[in-house]
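Undergrad: The structure follows.
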Amino acid sequence: AAGGPTDGASRGIAGQMQASLGVNGVIENKPGASTILGAQHVAAAPPDGHTIFMVTTTTLCTNPHLYKKLPYKVEDFAPVAMAVKVPLGLAVRSSLPVSTIAQFRDYVRAQPGKMNYGSAGTGANSQLVNVLMNQALGIDMKEVPYKGTAPALNDLAGGHVDALVDAIATLLPLHRDGKIKILGNFDDARSPVAPDVPTFAESGYPNLVAFTWFAVVVPARVPEPVIARLNKAVMEAVESPQTKRRFAEMGFVPQTSSARELAAYIQSENERWGPLIRKMGIQLD
């Protein structure tokens, strides 16, 4: 949707890509249905490299396992380049008497089944990462689903839910105001916008690494030379001072890759989230 994080990342990159490619570009927002509408549109576009798609973890790595009747396949797209990493954090209500990941773990263990967490709904990253955390920490928390993380965050600040997983940049203003507490970062490195927040990895959970990411793909069958040219343009755009400055303001981390590296990463993410979703028994259609 316009104004959302994917839109912001796309606009930051597109402006720089236009300059390096010498062409004009238009951002076409296709919101709705967990990115399915946008994916359908791009999958059906001519494979000439003129239609570029900013995908998310949801599009290619969780939707294929959540929907039996998904109107597109991962193979409908050709990877171009990774573009953005969005660090996720664990936040708790300000009145919770904990200040570290270890204290949080022990507090929840002492009250099995009594603590809860907000999520953006079934199959959302905020749910899946929280389930991973529950397993890694050996804790039991009940889910409270919302229609998006914004209302969940409001209820966290109001003390109506105990915990929430969301983008660190989104959590940070309320954390700074003392309305919530960010206890941990799920990334493999501390966030530049929240350097005082420790990672789960450094807190004794090296396998508890998860983040939202955005990547650039095109319709399948786009010629390799075109993909190579687009990859170069994306990498130059992401690494430009203007884009890095814009991403820093949004709490994003620039992330580049080759087309082959992105393809391998998408496969590894499917191998990670697919078994978890099947174990949870989630089916959305």
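By convention here, the chains of the structure tokens are called A, B, ... in the order presented, each chain's residues are numbered starting at 1, and ligands are numbered starting at 1 in the order presented.
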Dump as JSON lines the rows for residues of stretch 176-214 of chain A within 12 Å of stretch 94-115 of chain A: closest atom pair and distance in Å with one decimal, only C-alpha atoms counted, ordered by chain and rising residue number.
TA:
```
{"residue": "A:Arg176", "atom": "CA", "partner": "A:Ser94", "partner_atom": "CA", "distance": 11.1}
{"residue": "A:Asp177", "atom": "CA", "partner": "A:Ser94", "partner_atom": "CA", "distance": 10.1}
{"residue": "A:Gly178", "atom": "CA", "partner": "A:Ser94", "partner_atom": "CA", "distance": 6.7}
{"residue": "A:Lys179", "atom": "CA", "partner": "A:Ser94", "partner_atom": "CA", "distance": 5.5}
{"residue": "A:Ile180", "atom": "CA", "partner": "A:Ser94", "partner_atom": "CA", "distance": 4.4}
{"residue": "A:Lys181", "atom": "CA", "partner": "A:Ser94", "partner_atom": "CA", "distance": 5.6}
{"residue": "A:Ile182", "atom": "CA", "partner": "A:Ser99", "partner_atom": "CA", "distance": 8.4}
{"residue": "A:Leu183", "atom": "CA", "partner": "A:Thr100", "partner_atom": "CA", "distance": 5.6}
{"residue": "A:Gly184", "atom": "CA", "partner": "A:Ile101", "partner_atom": "CA", "distance": 6.4}
{"residue": "A:Asn185", "atom": "CA", "partner": "A:Ile101", "partner_atom": "CA", "distance": 9.8}
{"residue": "A:Phe186", "atom": "CA", "partner": "A:Ile101", "partner_atom": "CA", "distance": 11.3}
{"residue": "A:Asp196", "atom": "CA", "partner": "A:Thr100", "partner_atom": "CA", "distance": 11.6}
{"residue": "A:Val197", "atom": "CA", "partner": "A:Thr100", "partner_atom": "CA", "distance": 9.4}
{"residue": "A:Pro198", "atom": "CA", "partner": "A:Ile101", "partner_atom": "CA", "distance": 8.7}
{"residue": "A:Thr199", "atom": "CA", "partner": "A:Ile101", "partner_atom": "CA", "distance": 9.2}
{"residue": "A:Phe200", "atom": "CA", "partner": "A:Ile101", "partner_atom": "CA", "distance": 7.6}
{"residue": "A:Ala201", "atom": "CA", "partner": "A:Ile101", "partner_atom": "CA", "distance": 10.9}
{"residue": "A:Glu202", "atom": "CA", "partner": "A:Ile101", "partner_atom": "CA", "distance": 10.6}
{"residue": "A:Ser203", "atom": "CA", "partner": "A:Ile101", "partner_atom": "CA", "distance": 7.3}
{"residue": "A:Gly204", "atom": "CA", "partner": "A:Ala102", "partner_atom": "CA", "distance": 9.2}
{"residue": "A:Tyr205", "atom": "CA", "partner": "A:Ile101", "partner_atom": "CA", "distance": 10.2}
```
Undergrad: Just the residues within 12 Å of stretch 44-47 of chain A, please, counting only C-alpha atoms, with nothing from its chain fewer than 4 positions along; format it as a list in words.
TA: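 Answer for this query is Leu37, Gly38, Ala39, Gln40, Thr51, Ile52, Phe53, Pro71, Tyr72, Lys73, Asp76, Phe77, Ala78, Val217, Val218, Pro219, Ala220, Arg221, Val222, Pro223, Glu224, Val226 and Ile227 of chain A.
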Undergrad: Using only C-alpha atoms for the distances, tell me which of A:Val209, A:Met54, A:Leu90, A:Ala124 is nearest to A:Leu164.
TA: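 The shortest atom-to-atom distance to A:Leu164 comes from A:Leu90.
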Undergrad: So that I can see what lies close to A:Gly251, please list as a list in words the residues with an atom at most 10 Å from it, counting only C-alpha atoms and leaving out residues fewer than 4 positions away in the same chain.
TA: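 Once the nearby chain positions are removed, what remains is Pro5, Lys85, Val86, Pro87, Ala167, Ile168, Ala169, Thr170, Leu172, Ser191, Pro192, Val193, Ala194, Arg245, Arg246 and Phe247 of chain A.
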Undergrad: Using Å and a single decimal, report how far atom CA of A:Leu153 sits from atom CA of A:Leu174.
TA: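 We find that atom CA of A:Leu174 and atom CA of A:Leu153 lie 9.1 Å from each other.
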Undergrad: Write out as a PyMOL selection string the set of residues from stretch 115-173 of chain A that DSSP, computed on the backbone, places in helix (DSSP H, G or I).
TA: chain A and resi 125-137+149-157+168-173
